[in-house]
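Chemist: Take a look at this one; I'll ask things after.
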Amino acid sequence: GLFSIGAEGQIFIGATAATFVGYAVKGLPPYIHMPLAFLAGAAAGALWGFVPGWLKAKTGGSEVINTIMVNWITFRFTEWLLTGPMQRPGSGGVPLSPFIEKSAEIPQFFDKPIRFHLGFFIALAVAFLVYYFLFKTTWGYNLRTVGANPNAARYAGMNIVTSTIVAMSLSGALAGMAGANEILAL
């Protein structure tokens, strides 16, 4: 029952967080570094989804307007990061990040220009987990019920505020993972 227009900003912030972990964290093996970068992207996206979710749940503010505003904040924030603290040394003012460590990159199955990589199977696994969460767990049932009919859900004793915040945060986490997938699959 929510309309989140914030996925684009959540993808940007997830990609930015994954980039930071990808280049700033050094010396980790790939089986730790890549998932850590993915988790950073998911956490950043979840945080970016939490803000408009909290505003919707606590103040009744329009999630559409709030997510659009957060998108623009994200665009300017990432622009500032890439022309400031996260700028590649010697890039001549061009907004480029430092190179991501090889240990954070998603493994490719073929040589370039074919971009088929492990991210495809990660996306399938996440899609299955989302299905399982929504249709096989109590929390998923609560989210679907609140989305379908908030009044009936409130009457049944479900927490509308928590469900709204969780739905927006999970949506942001998924978008953040999509951004991490795009950045880490060079």
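Ordering of the structure tokens sets the chain letters (A, B, ...); residue numbers start at 1 within each chain; ligands are numbered from 1 in the order shown.
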Give me the residues near range 118-133 of chain A as a PyMOL selection string, where near means some atom within 12 Å (using only C-alpha atoms) and where sequence neighbours in that chain fewer than 2 positions away do not count.

Modeler: chain A and resi 34-35+38+42+105-110+115-116+135-144+167+170-171+173-175+177-186

Chemist: Pick the closest to Val166 in chain A from A:Phe20, A:Trp80, A:Phe75, A:Phe50: which is it, counting only C-alpha atoms?

Modeler: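 Ranked by minimum distance to Val166 in chain A, first place goes to A:Phe50.
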
Chemist: Which one of A:Ser62, A:Thr74, A:Asn149, A:Ser163 sits closest to Gln10 in chain A if you count only C-alpha atoms?

Modeler: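 Once distances to Gln10 in chain A are computed over only C-alpha atoms, the minimum belongs to A:Thr74.
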
Chemist: Between CA of Ala148 in chain A and CA of Ala46 in chain A, what distance in Å does the model show, to one decimal?

Modeler: 22.4 Å

Chemist: Can you pull out the residues contacting Thr78 in chain A? Cut-off 12 Å, using only C-alpha atoms, and skip same-chain residues under 6 positions away; I want them as a PyMOL selection string.

Modeler: chain A and resi 9-17+19-20+71-72+84-87+95-97

Chemist: I need the residue nearest Gly176 in chain A from this list: A:Trp54, A:Phe99, A:Trp48, A:Phe77. Use only C-alpha atoms for the distance.

Modeler: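 Distance minimum relative to Gly176 in chain A lands on A:Trp48.
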
Chemist: Kindly indicate which residue among A:Ile73, A:Ala57, A:Val64, A:Ile114 lies nearest to Asn159 in chain A, using only C-alpha atoms for the distances.

Modeler: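 The answer is A:Ala57, which sits nearest to Asn159 in chain A.
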
Chemist: Determine the nearest neighbour of Ala104 in chain A from the options A:Ala156, A:Leu2, A:Ala40, A:Ala7, counting only C-alpha atoms.

Modeler: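 Closest to Ala104 in chain A, using only C-alpha atoms: A:Ala40.
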
Chemist: Ranking A:Pro29, A:Gly147, A:Gly93, A:Gly49 by minimum distance to Ile160 in chain A and counting only C-alpha atoms, which one comes first?

Modeler: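 Checking each of A:Pro29, A:Gly147, A:Gly93, A:Gly49 against Ile160 in chain A, counting only C-alpha atoms, the winner is A:Gly147.
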
Chemist: How many Å separate CA of Gly1 in chain A from CA of Pro52 in chain A?

Modeler: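 Interatomic distance here is 14.3 Å.
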
Chemist: Which residues come within 9 Å of Glu101 in chain A, counting only C-alpha atoms, excluding same-chain residues fewer than 4 positions away, as a VMD selection string?

Modeler: chain A and resid 22 to 26 33 105

Chemist: How about saving the chosen residues, all heavy atoms kept, as an mmCIF file, in the first residue's frame?

Modeler:
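File written: again09.cif
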data_model
loop_
_atom_site.group_PDB
_atom_site.id
_atom_site.type_symbol
_atom_site.label_atom_id
_atom_site.label_comp_id
_atom_site.auth_asym_id
_atom_site.auth_seq_id
_atom_site.Cartn_x
_atom_site.Cartn_y
_atom_site.Cartn_z
ATOM 1 N N GLY A 22 34.452 -1.257 -0.820
ATOM 2 C CA GLY A 22 35.235 -1.930 -1.852
ATOM 3 C C GLY A 22 36.643 -1.396 -2.005
ATOM 4 O O GLY A 22 37.558 -2.149 -2.325
ATOM 5 N N TYR A 23 36.847 -0.099 -1.788
ATOM 6 C CA TYR A 23 38.204 0.435 -1.947
ATOM 7 C C TYR A 23 38.888 0.730 -0.617
ATOM 8 O O TYR A 23 40.112 0.679 -0.527
ATOM 9 C CB TYR A 23 38.237 1.668 -2.854
ATOM 10 C CG TYR A 23 37.815 2.976 -2.230
ATOM 11 C CD1 TYR A 23 38.671 3.701 -1.413
ATOM 12 C CD2 TYR A 23 36.566 3.506 -2.485
ATOM 13 C CE1 TYR A 23 38.282 4.898 -0.851
ATOM 14 C CE2 TYR A 23 36.174 4.711 -1.935
ATOM 15 C CZ TYR A 23 37.036 5.399 -1.113
ATOM 16 O OH TYR A 23 36.647 6.585 -0.553
ATOM 17 N N ALA A 24 38.146 1.047 0.424
ATOM 18 C CA ALA A 24 38.759 1.459 1.688
ATOM 19 C C ALA A 24 39.174 0.278 2.562
ATOM 20 O O ALA A 24 40.139 0.376 3.316
ATOM 21 C CB ALA A 24 37.805 2.369 2.455
ATOM 22 N N VAL A 25 38.444 -0.814 2.480
ATOM 23 C CA VAL A 25 38.771 -1.997 3.274
ATOM 24 C C VAL A 25 39.747 -2.835 2.457
ATOM 25 O O VAL A 25 39.436 -3.234 1.338
ATOM 26 C CB VAL A 25 37.492 -2.798 3.624
ATOM 27 C CG1 VAL A 25 37.840 -4.054 4.387
ATOM 28 C CG2 VAL A 25 36.515 -1.928 4.394
ATOM 29 N N LYS A 26 40.885 -3.098 3.050
ATOM 30 C CA LYS A 26 41.927 -3.823 2.310
ATOM 31 C C LYS A 26 42.355 -5.060 3.090
ATOM 32 O O LYS A 26 42.203 -5.132 4.303
ATOM 33 C CB LYS A 26 43.132 -2.922 2.070
ATOM 34 C CG LYS A 26 42.808 -1.702 1.229
ATOM 35 C CD LYS A 26 44.031 -0.864 0.971
ATOM 36 C CE LYS A 26 43.779 0.423 0.242
ATOM 37 N NZ LYS A 26 42.771 0.499 -0.730
ATOM 38 N N HIS A 33 35.151 -10.008 1.707
ATOM 39 C CA HIS A 33 35.110 -8.628 1.221
ATOM 40 C C HIS A 33 33.882 -8.357 0.351
ATOM 41 O O HIS A 33 33.192 -7.339 0.538
ATOM 42 C CB HIS A 33 36.392 -8.320 0.456
ATOM 43 C CG HIS A 33 36.661 -6.858 0.330
ATOM 44 N ND1 HIS A 33 37.723 -6.367 -0.371
ATOM 45 C CD2 HIS A 33 36.018 -5.759 0.804
ATOM 46 C CE1 HIS A 33 37.728 -5.053 -0.324
ATOM 47 N NE2 HIS A 33 36.694 -4.657 0.382
ATOM 48 N N GLU A 105 35.225 -7.405 -5.934
ATOM 49 C CA GLU A 105 34.499 -7.508 -7.199
ATOM 50 C C GLU A 105 33.707 -8.815 -7.285
ATOM 51 O O GLU A 105 34.129 -9.845 -6.777
ATOM 52 C CB GLU A 105 35.478 -7.444 -8.372
ATOM 53 C CG GLU A 105 36.097 -6.088 -8.564
ATOM 54 C CD GLU A 105 37.065 -6.048 -9.737
ATOM 55 O OE1 GLU A 105 37.146 -7.039 -10.492
ATOM 56 O OE2 GLU A 105 37.735 -5.018 -9.880
#

Chemist: Grab the CA of Pro30 in chain A to CA of Asp111 in chain A distance for me, in Å with one decimal place.

Modeler: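 Separation between CA of Pro30 in chain A and CA of Asp111 in chain A: 19.3 Å.
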
Chemist: Enumerate as a VMD selection string all residues of chain A assigned to alpha helix (DSSP H) by DSSP on the backbone, naming them with the chain letters and numbers the document uses.

Modeler: chain A and resid 7 to 24 30 to 59 63 to 82 119 to 136 138 to 148 150 to 155 160 to 184
